[in-house]
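Below: the structure, in structure tokens.
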Amino acid sequence: LVFRLADEWLALPVTVLVEVTPVKPVRRVPHRTGVLAGVVNMRGELTLCAHLGKVLGIGTTTIPETGRMLVVRRDSDRWAFAVAEVDRVHRVPNASVGRPPATVARAASHLTRGVFPLGDRAVGLIDEGRLFDTLRAKLR
């Protein structure tokens, strides 16, 4: 699934995607800051909401009024995060995924499996295993 966060185009494997929804109200958790934006009600289930931009080192911590919210799950971990725009699901052959350029920020390169071309833009493919491990570690 290809999406835009700030000015960066990113992708996550569709195997972790639960749903894409309009942005929902995020309720802050008292005495918690950092990557945890709060909790969001997704169909009656409270889901942790992260500032994905902060995790990736992109720097955006605002929840856009417009845009979309992605809900992802791996094993028992379930997270939501807001993105500026969602493109769609694209098939990407493994051979077209190259190494991230040296200009990618340290946090982003640690969580990026590679970069692939999509039209006239480069899309960073997020390593979902490292992403979920990082989110879990930052929550402690």
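In the structure tokens, chains take letters A, B, ... by order of appearance, with residues numbered from 1 within each chain and ligands from 1 in the order shown.
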Next item on the list: Could you give me, as a PyMOL selection string, the residues within 7 Å of stretch 10-26 of chain A, counting only C-alpha atoms and dropping anything in the same chain fewer than 3 positions from it?
Entry: chain A and resi 1-4+38-40+65-74+82+123-126+128
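Within stretch 42-81 of chain A, the backbone-based DSSP assignment of helix (DSSP H, G or I) covers A:Leu52, A:Gly53, A:Lys54, A:Val55, A:Leu56.
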Writer output for current selection, N, CA and C atoms, as a PDB file, in the first residue's frame:
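So the final result, stored in part.pdb, reads:
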```pdb
ATOM      1  N   LEU A  52       3.737   8.369  13.079  1.00  0.00           N
ATOM      2  CA  LEU A  52       4.658   7.636  12.221  1.00  0.00           C
ATOM      3  C   LEU A  52       5.805   8.522  11.743  1.00  0.00           C
ATOM      4  N   GLY A  53       5.526   9.792  11.511  1.00  0.00           N
ATOM      5  CA  GLY A  53       6.579  10.709  11.091  1.00  0.00           C
ATOM      6  C   GLY A  53       7.691  10.818  12.115  1.00  0.00           C
ATOM      7  N   LYS A  54       7.329  10.779  13.375  1.00  0.00           N
ATOM      8  CA  LYS A  54       8.326  10.854  14.440  1.00  0.00           C
ATOM      9  C   LYS A  54       9.144   9.562  14.496  1.00  0.00           C
ATOM     10  N   VAL A  55       8.488   8.435  14.283  1.00  0.00           N
ATOM     11  CA  VAL A  55       9.184   7.149  14.290  1.00  0.00           C
ATOM     12  C   VAL A  55      10.199   7.090  13.149  1.00  0.00           C
ATOM     13  N   LEU A  56       9.807   7.600  11.984  1.00  0.00           N
ATOM     14  CA  LEU A  56      10.664   7.535  10.804  1.00  0.00           C
ATOM     15  C   LEU A  56      11.662   8.679  10.704  1.00  0.00           C
TER      16      LEU A  56
END
```
Next item on the list: For each of A:Pro100, A:Ala80, A:Val115, A:Val92, take the minimum atom-to-atom distance to A:Phe132, counting only C-alpha atoms, then give the residue where this is smallest.
Entry: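 Comparing A:Pro100, A:Ala80, A:Val115, A:Val92 against A:Phe132, the winner is A:Ala80.
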Quick one: residues within 12 Å of A:Asp7, only C-alpha atoms, excluding same-chain residues fewer than 5 positions away - as a JSON list (two decimals) with all heavy atoms, in the first residue's frame?
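What landed in result-v2.json:
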```json
[["chain", "number", "residue", "atom", "x", "y", "z"],
["A", 53, "GLY", "N", 5.53, 9.79, 11.51],
["A", 53, "GLY", "CA", 6.58, 10.71, 11.09],
["A", 53, "GLY", "C", 7.69, 10.82, 12.12],
["A", 53, "GLY", "O", 8.87, 10.91, 11.77],
["A", 58, "ILE", "N", 10.86, 11.76, 10.05],
["A", 58, "ILE", "CA", 10.37, 12.74, 9.08],
["A", 58, "ILE", "C", 10.00, 14.03, 9.79],
["A", 58, "ILE", "O", 10.07, 15.11, 9.22],
["A", 58, "ILE", "CB", 9.19, 12.17, 8.26],
["A", 58, "ILE", "CG1", 9.68, 11.00, 7.43],
["A", 58, "ILE", "CG2", 8.55, 13.23, 7.40],
["A", 58, "ILE", "CD1", 8.58, 10.24, 6.74],
["A", 59, "GLY", "N", 9.59, 13.92, 11.05],
["A", 59, "GLY", "CA", 9.38, 15.09, 11.87],
["A", 59, "GLY", "C", 7.95, 15.56, 12.00],
["A", 59, "GLY", "O", 7.66, 16.38, 12.83],
["A", 60, "THR", "N", 7.03, 15.05, 11.22],
["A", 60, "THR", "CA", 5.65, 15.51, 11.33],
["A", 60, "THR", "C", 4.95, 14.82, 12.51],
["A", 60, "THR", "O", 5.02, 13.62, 12.65],
["A", 60, "THR", "CB", 4.87, 15.28, 10.03],
["A", 60, "THR", "OG1", 3.54, 15.76, 10.20],
["A", 60, "THR", "CG2", 4.82, 13.84, 9.60],
["A", 83, "VAL", "N", -2.03, 9.54, 7.81],
["A", 83, "VAL", "CA", -1.20, 9.86, 6.66],
["A", 83, "VAL", "C", -1.89, 10.94, 5.85],
["A", 83, "VAL", "O", -3.11, 11.11, 5.93],
["A", 83, "VAL", "CB", -0.91, 8.62, 5.79],
["A", 83, "VAL", "CG1", -0.16, 7.56, 6.60],
["A", 83, "VAL", "CG2", -2.17, 8.03, 5.20],
["A", 84, "ALA", "N", -1.13, 11.66, 5.07],
["A", 84, "ALA", "CA", -1.69, 12.76, 4.29],
["A", 84, "ALA", "C", -2.52, 12.27, 3.12],
["A", 84, "ALA", "O", -3.54, 12.87, 2.76],
["A", 84, "ALA", "CB", -0.57, 13.67, 3.78],
["A", 85, "GLU", "N", -2.11, 11.16, 2.51],
["A", 85, "GLU", "CA", -2.77, 10.69, 1.29],
["A", 85, "GLU", "C", -2.48, 9.20, 1.12],
["A", 85, "GLU", "O", -1.40, 8.72, 1.47],
["A", 85, "GLU", "CB", -2.18, 11.47, 0.11],
["A", 85, "GLU", "CG", -2.73, 11.16, -1.23],
["A", 85, "GLU", "CD", -2.08, 12.01, -2.33],
["A", 85, "GLU", "OE1", -1.30, 12.94, -2.03],
["A", 85, "GLU", "OE2", -2.35, 11.70, -3.49],
["A", 121, "ARG", "N", 8.31, 9.11, -9.05],
["A", 121, "ARG", "CA", 8.73, 9.28, -7.65],
["A", 121, "ARG", "C", 9.37, 7.99, -7.11],
["A", 121, "ARG", "O", 9.16, 6.90, -7.62],
["A", 121, "ARG", "CB", 7.54, 9.66, -6.78],
["A", 121, "ARG", "CG", 6.42, 8.68, -6.81],
["A", 121, "ARG", "CD", 5.23, 9.18, -6.01],
["A", 121, "ARG", "NE", 4.06, 8.38, -6.36],
["A", 121, "ARG", "CZ", 2.85, 8.85, -6.45],
["A", 121, "ARG", "NH1", 2.60, 10.11, -6.23],
["A", 121, "ARG", "NH2", 1.85, 8.05, -6.76],
["A", 122, "ALA", "N", 10.15, 8.18, -6.08],
["A", 122, "ALA", "CA", 10.77, 7.06, -5.37],
["A", 122, "ALA", "C", 9.95, 6.80, -4.11],
["A", 122, "ALA", "O", 9.60, 7.73, -3.39],
["A", 122, "ALA", "CB", 12.21, 7.38, -5.02],
["A", 123, "VAL", "N", 9.65, 5.55, -3.87],
["A", 123, "VAL", "CA", 8.82, 5.16, -2.72],
["A", 123, "VAL", "C", 9.66, 4.31, -1.78],
["A", 123, "VAL", "O", 10.28, 3.33, -2.20],
["A", 123, "VAL", "CB", 7.57, 4.38, -3.19],
["A", 123, "VAL", "CG1", 6.74, 3.93, -2.01],
["A", 123, "VAL", "CG2", 6.75, 5.21, -4.16],
["A", 124, "GLY", "N", 9.67, 4.68, -0.51],
["A", 124, "GLY", "CA", 10.40, 3.92, 0.50],
["A", 124, "GLY", "C", 9.54, 2.78, 1.03],
["A", 124, "GLY", "O", 8.42, 3.01, 1.50]]
```
Margin query: Using only C-alpha atoms for the distances, tell me which of A:Ala95, A:Arg28, A:Thr47, A:Thr112 is nearest to A:Ser76.
Written below: A:Thr47
Note to self: Among chain A, which residues does DSSP mark as strand (DSSP E or B) when it is run on the backbone? Keep the chain and numbering as in the structure and answer as a PyMOL selection string.
What the structure shows: chain A and resi 2-5+8-11+17-22+26-27+36-42+45-50+68-74+77-83+85-86+98+112-118+121-126
Next item on the list: Have a look at atom CA of A:Phe81 and atom CA of A:Leu5 and let me know their distance in Å, one decimal.
Entry: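 Interatomic distance here is 10.1 Å.
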Next item on the list: Give me, please, the distance in Å between atom CA of A:Val86 and atom CA of A:Thr33, quoted to one decimal.
Entry: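 So the two atoms, atom CA of A:Val86 and atom CA of A:Thr33, lie 26.1 Å apart.
The interatomic distance for the pair atom CA of A:Leu118 and atom CA of A:Glu8 works out to 12.8 Å.
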